[in-house]
Amino acid sequence: MSWTSAPLLAFDLETTGTDIETDRIVTAALIGLEPGTPPKERMWLLDPGVPVPDEATAIHGISTEYARAHGGSAAEGIEEITRAIAESLASATPLVIMNARYDLSLLDRECRRNGVTPLAERLGGGLSPVIDPLILDKHADRYRKGKRNLQALCAHYGVPLNDAHEAGADAVAAAGVARRLGERFPDVGSVSPADLHELQVRAAADQAASFQQYLRRTSDPHASIDPAWPVVPHIRQSAGHP
């Protein structure tokens, strides 16, 4: 049976910003999706311990005041999120994340910041299988023009997205896009989740190298794009890499 018709776990974060090293989790969603059954939702609202910038609030709707009044402990929430993901991956259920490199790297840094055992350490370094619609779409339809954010991919593949930038809605939509990709492109849908994960590791490195070449040619001769996927290793920060 193809993974496109098998159970998936979808994950999404809404955060204080876009820097994996310094920004914090505000909301998280982990949605179990099995064809023919209702979604199994786990949602978290956390107090990030820092102000939520107005720019971030404008995107996801959570203000500093609301997060402080209604959010749970960051350390406790991050432990729950990380444990749930680890259990799913240990059972070989694919984890779908749009732009996994961002969400999983930020989760890794939040674990370290809050004294929580990071996901990779719980799994012995084997953080797999992950399915990333962003990487797969660029791999399978490389030369298509236009945007490739979640809203654009949903429009392109005919997947509903009724509440963009709400973590649960984004997670479900990303899983829908992943399934459509697997159905449309045989080299994506016909392989095992483990093999698909390794395909994405290679595709992400190729895409990073291509983008780096583009930046060096057009705007920044010293641009450096980290090829790591689905997590940018923490050690690279201390080694002076981006």
# chains A, B, ... in the order shown; residues from 1 in each chain; ligands from 1
call {"tool": "closest_atom_pairs", "arguments": {"of": "stretch 164-197 of chain A", "to": "stretch 124-130 of chain A", "cutoff": "7 Å", "atoms": "only C-alpha atoms", "output": "JSON lines"}}
result
{"residue": "A:Pro193", "atom": "CA", "partner": "A:Pro129", "partner_atom": "CA", "distance": 5.8}
{"residue": "A:Ala194", "atom": "CA", "partner": "A:Pro129", "partner_atom": "CA", "distance": 5.4}
{"residue": "A:His197", "atom": "CA", "partner": "A:Pro129", "partner_atom": "CA", "distance": 5.5}
call {"tool": "write_last_selection", "arguments": {"atoms": "N, CA and C atoms", "output": "PDB file, in the first residue's frame"}}
result
ATOM      1  N   PRO A 193       8.190   5.154   2.616  1.00  0.00           N
ATOM      2  CA  PRO A 193       8.490   6.382   3.338  1.00  0.00           C
ATOM      3  C   PRO A 193       9.975   6.539   3.672  1.00  0.00           C
ATOM      4  N   ALA A 194      10.647   5.428   4.007  1.00  0.00           N
ATOM      5  CA  ALA A 194      12.076   5.512   4.325  1.00  0.00           C
ATOM      6  C   ALA A 194      12.880   5.940   3.100  1.00  0.00           C
ATOM      7  N   HIS A 197      12.210   9.569   2.317  1.00  0.00           N
ATOM      8  CA  HIS A 197      12.985  10.444   3.205  1.00  0.00           C
ATOM      9  C   HIS A 197      14.387  10.662   2.641  1.00  0.00           C
TER      10      HIS A 197
END
call {"tool": "closest_residue", "arguments": {"among": "A:Ala56, A:Leu46, A:Leu8, A:Leu13", "to": "A:Arg68", "atoms": "only C-alpha atoms"}}
result
A:Leu46
call {"tool": "residues_around", "arguments": {"residues": "stretch 223-234 of chain A", "least_positions_apart": "3", "cutoff": "6 Å", "atoms": "only C-alpha atoms", "output": "PyMOL selection string"}}
result
chain A and resi 100-101+104-105+201+205+208+212+216+220+237
call {"tool": "write_last_selection", "arguments": {"atoms": "N, CA and C atoms", "output": "PDB file, in the first residue's frame"}}
result
ATOM      1  N   ALA A 100       9.958  21.446   6.579  1.00  0.00           N
ATOM      2  CA  ALA A 100      10.357  20.734   7.794  1.00  0.00           C
ATOM      3  C   ALA A 100      11.637  21.285   8.398  1.00  0.00           C
ATOM      4  N   ARG A 101      12.559  21.740   7.556  1.00  0.00           N
ATOM      5  CA  ARG A 101      13.833  22.251   8.056  1.00  0.00           C
ATOM      6  C   ARG A 101      13.610  23.368   9.078  1.00  0.00           C
ATOM      7  N   LEU A 104      11.314  21.738  12.435  1.00  0.00           N
ATOM      8  CA  LEU A 104      12.058  20.778  13.245  1.00  0.00           C
ATOM      9  C   LEU A 104      13.334  21.375  13.826  1.00  0.00           C
ATOM     10  N   SER A 105      13.969  22.287  13.106  1.00  0.00           N
ATOM     11  CA  SER A 105      15.164  22.945  13.656  1.00  0.00           C
ATOM     12  C   SER A 105      14.792  23.859  14.814  1.00  0.00           C
ATOM     13  N   VAL A 201      16.416  14.092   1.412  1.00  0.00           N
ATOM     14  CA  VAL A 201      17.726  14.542   1.893  1.00  0.00           C
ATOM     15  C   VAL A 201      18.583  14.983   0.714  1.00  0.00           C
ATOM     16  N   ALA A 205      19.527  19.014  -0.479  1.00  0.00           N
ATOM     17  CA  ALA A 205      20.914  19.441  -0.675  1.00  0.00           C
ATOM     18  C   ALA A 205      21.090  20.035  -2.071  1.00  0.00           C
ATOM     19  N   ALA A 208      19.412  23.479  -2.105  1.00  0.00           N
ATOM     20  CA  ALA A 208      20.211  24.460  -1.382  1.00  0.00           C
ATOM     21  C   ALA A 208      21.405  24.910  -2.218  1.00  0.00           C
ATOM     22  N   GLN A 212      22.034  28.674  -3.529  1.00  0.00           N
ATOM     23  CA  GLN A 212      23.291  29.327  -3.174  1.00  0.00           C
ATOM     24  C   GLN A 212      23.985  29.873  -4.427  1.00  0.00           C
ATOM     25  N   ARG A 216      24.790  33.826  -5.180  1.00  0.00           N
ATOM     26  CA  ARG A 216      26.163  34.269  -5.444  1.00  0.00           C
ATOM     27  C   ARG A 216      26.278  34.939  -6.810  1.00  0.00           C
ATOM     28  N   ASP A 220      24.810  38.206  -3.748  1.00  0.00           N
ATOM     29  CA  ASP A 220      25.751  38.070  -2.632  1.00  0.00           C
ATOM     30  C   ASP A 220      26.805  37.017  -2.980  1.00  0.00           C
ATOM     31  N   GLN A 237      25.877  25.980  14.509  1.00  0.00           N
ATOM     32  CA  GLN A 237      25.844  27.326  15.040  1.00  0.00           C
ATOM     33  C   GLN A 237      27.162  27.648  15.727  1.00  0.00           C
TER      34      GLN A 237
END
call {"tool": "closest_residue", "arguments": {"among": "A:Glu55, A:Ile31, A:Ala164, A:Thr4", "to": "A:Leu181", "atoms": "only C-alpha atoms"}}
result
A:Thr4
call {"tool": "residues_around", "arguments": {"residues": "A:Asp141", "least_positions_apart": "4", "cutoff": "12 Å", "atoms": "only C-alpha atoms", "output": "list in words"}}
result
Pro133, Leu134, Ile135, Leu136, Asp137, Lys145, Gly146, Arg148, Leu153, His156, Tyr157, Leu181, Arg184, Phe185, Asp187 and Val188 of chain A
call {"tool": "write_last_selection", "arguments": {"atoms": "C-alpha atoms", "output": "CSV table (one decimal), in the first residue's frame"}}
result
chain,number,residue,atom,x,y,z
A,133,PRO,CA,5.7,19.0,0.5
A,134,LEU,CA,8.0,22.0,-0.2
A,135,ILE,CA,11.0,19.8,-1.0
A,136,LEU,CA,8.9,17.3,-2.9
A,137,ASP,CA,7.2,19.9,-5.0
A,145,LYS,CA,6.9,29.1,-12.2
A,146,GLY,CA,5.3,30.9,-9.3
A,148,ARG,CA,5.6,27.6,-3.5
A,153,LEU,CA,0.7,24.6,-3.2
A,156,HIS,CA,-2.1,24.3,-7.4
A,157,TYR,CA,-3.0,20.8,-6.1
A,181,LEU,CA,2.0,15.0,-4.8
A,184,ARG,CA,0.5,12.8,-9.3
A,185,PHE,CA,4.2,11.8,-9.4
A,187,ASP,CA,8.6,8.5,-8.2
A,188,VAL,CA,7.2,10.2,-5.1
call {"tool": "closest_atom_pairs", "arguments": {"of": "stretch 151-214 of chain A", "to": "stretch 14-20 of chain A", "cutoff": "10 Å", "atoms": "only C-alpha atoms", "output": "CSV"}}
result
residue,atom,partner,partner_atom,distance
A:His165,CA,A:Glu14,CA,7.1
A:Glu166,CA,A:Glu14,CA,7.4
A:Ala167,CA,A:Glu14,CA,6.1
A:Gly168,CA,A:Glu14,CA,9.9
A:Asp170,CA,A:Glu14,CA,9.7
call {"tool": "write_last_selection", "arguments": {"atoms": "N, CA and C atoms", "output": "CSV table (one decimal), in the first residue's frame"}}
result
chain,number,residue,atom,x,y,z
A,165,HIS,N,-2.4,29.9,8.4
A,165,HIS,CA,-1.6,30.3,9.6
A,165,HIS,C,-2.3,30.0,10.9
A,166,GLU,N,-3.3,29.1,10.9
A,166,GLU,CA,-3.7,28.4,12.1
A,166,GLU,C,-3.0,27.1,12.0
A,167,ALA,N,-2.3,26.7,13.1
A,167,ALA,CA,-1.4,25.5,13.0
A,167,ALA,C,-2.1,24.3,12.6
A,168,GLY,N,-3.3,24.0,13.1
A,168,GLY,CA,-4.0,22.8,12.8
A,168,GLY,C,-4.5,22.8,11.3
A,170,ASP,N,-3.1,24.4,8.8
A,170,ASP,CA,-1.9,24.3,8.0
A,170,ASP,C,-1.3,22.9,8.0
call {"tool": "select_by_dssp", "arguments": {"residues": "stretch 1-222 of chain A", "states": "strand (DSSP E)", "output": "list of chain:residue names"}}
result
A:Leu8, A:Leu9, A:Ala10, A:Phe11, A:Asp12, A:Leu13, A:Glu14, A:Thr15, A:Ile25, A:Val26, A:Thr27, A:Ala28, A:Ala29, A:Leu30, A:Ile31, A:Gly32, A:Leu33, A:Lys40, A:Glu41, A:Arg42, A:Met43, A:Trp44, A:Leu45, A:Leu95, A:Val96, A:Val130, A:Ile131
call {"tool": "atom_distance", "arguments": {"atom1": "atom CA of A:Ser88", "atom2": "atom CA of A:Ala203"}}
result
23.9 Å
call {"tool": "closest_atom_pairs", "arguments": {"of": "stretch 157-187 of chain A", "to": "stretch 93-98 of chain A", "cutoff": "8 Å", "atoms": "only C-alpha atoms", "output": "tab-separated table"}}
result
residue	atom	partner	partner_atom	distance
A:Ala171	CA	A:Ile97	CA	7.0
A:Ala174	CA	A:Met98	CA	5.8
A:Ala175	CA	A:Val96	CA	5.9
A:Ala178	CA	A:Val96	CA	7.5
call {"tool": "closest_residue", "arguments": {"among": "A:Glu198, A:Ala29, A:Glu87, A:Pro160", "to": "A:Arg180", "atoms": "only C-alpha atoms"}}
result
A:Pro160
call {"tool": "residues_around", "arguments": {"residues": "A:Glu65", "least_positions_apart": "5", "cutoff": "12 Å", "atoms": "only C-alpha atoms", "output": "tab-separated table (two decimals) with C-alpha atoms, in the first residue's frame"}}
result
chain	number	residue	atom	x	y	z
A	26	VAL	CA	3.57	30.04	20.20
A	46	LEU	CA	2.42	28.16	24.79
A	47	ASP	CA	3.65	31.21	26.63
A	48	PRO	CA	6.91	31.71	24.73
A	49	GLY	CA	8.49	33.72	27.55
A	50	VAL	CA	9.28	36.63	25.22
A	51	PRO	CA	7.08	39.25	23.55
A	52	VAL	CA	5.29	38.15	20.39
A	53	PRO	CA	6.20	40.74	17.74
A	54	ASP	CA	3.32	42.60	16.13
A	57	THR	CA	0.62	38.44	15.69
A	70	HIS	CA	-3.82	31.45	28.20
A	71	GLY	CA	-0.60	29.69	27.16
call {"tool": "atom_distance", "arguments": {"atom1": "atom CA of A:Leu33", "atom2": "atom CA of A:Asp12"}}
result
13.8 Å
call {"tool": "select_by_dssp", "arguments": {"residues": "stretch 135-225 of chain A", "states": "helix (DSSP H, G or I)", "output": "MDAnalysis selection string"}}
result
chainID A and resid 135:140 150:157 167:184 186:189 193:218
call {"tool": "residues_around", "arguments": {"residues": "stretch 111-115 of chain A", "least_positions_apart": "4", "cutoff": "9 Å", "atoms": "only C-alpha atoms", "output": "ChimeraX atom specification"}}
result
/A:74-76,78-79,82,106-107,119
call {"tool": "atom_distance", "arguments": {"atom1": "atom CA of A:Asp108", "atom2": "atom CA of A:Asn162"}}
result
29.0 Å
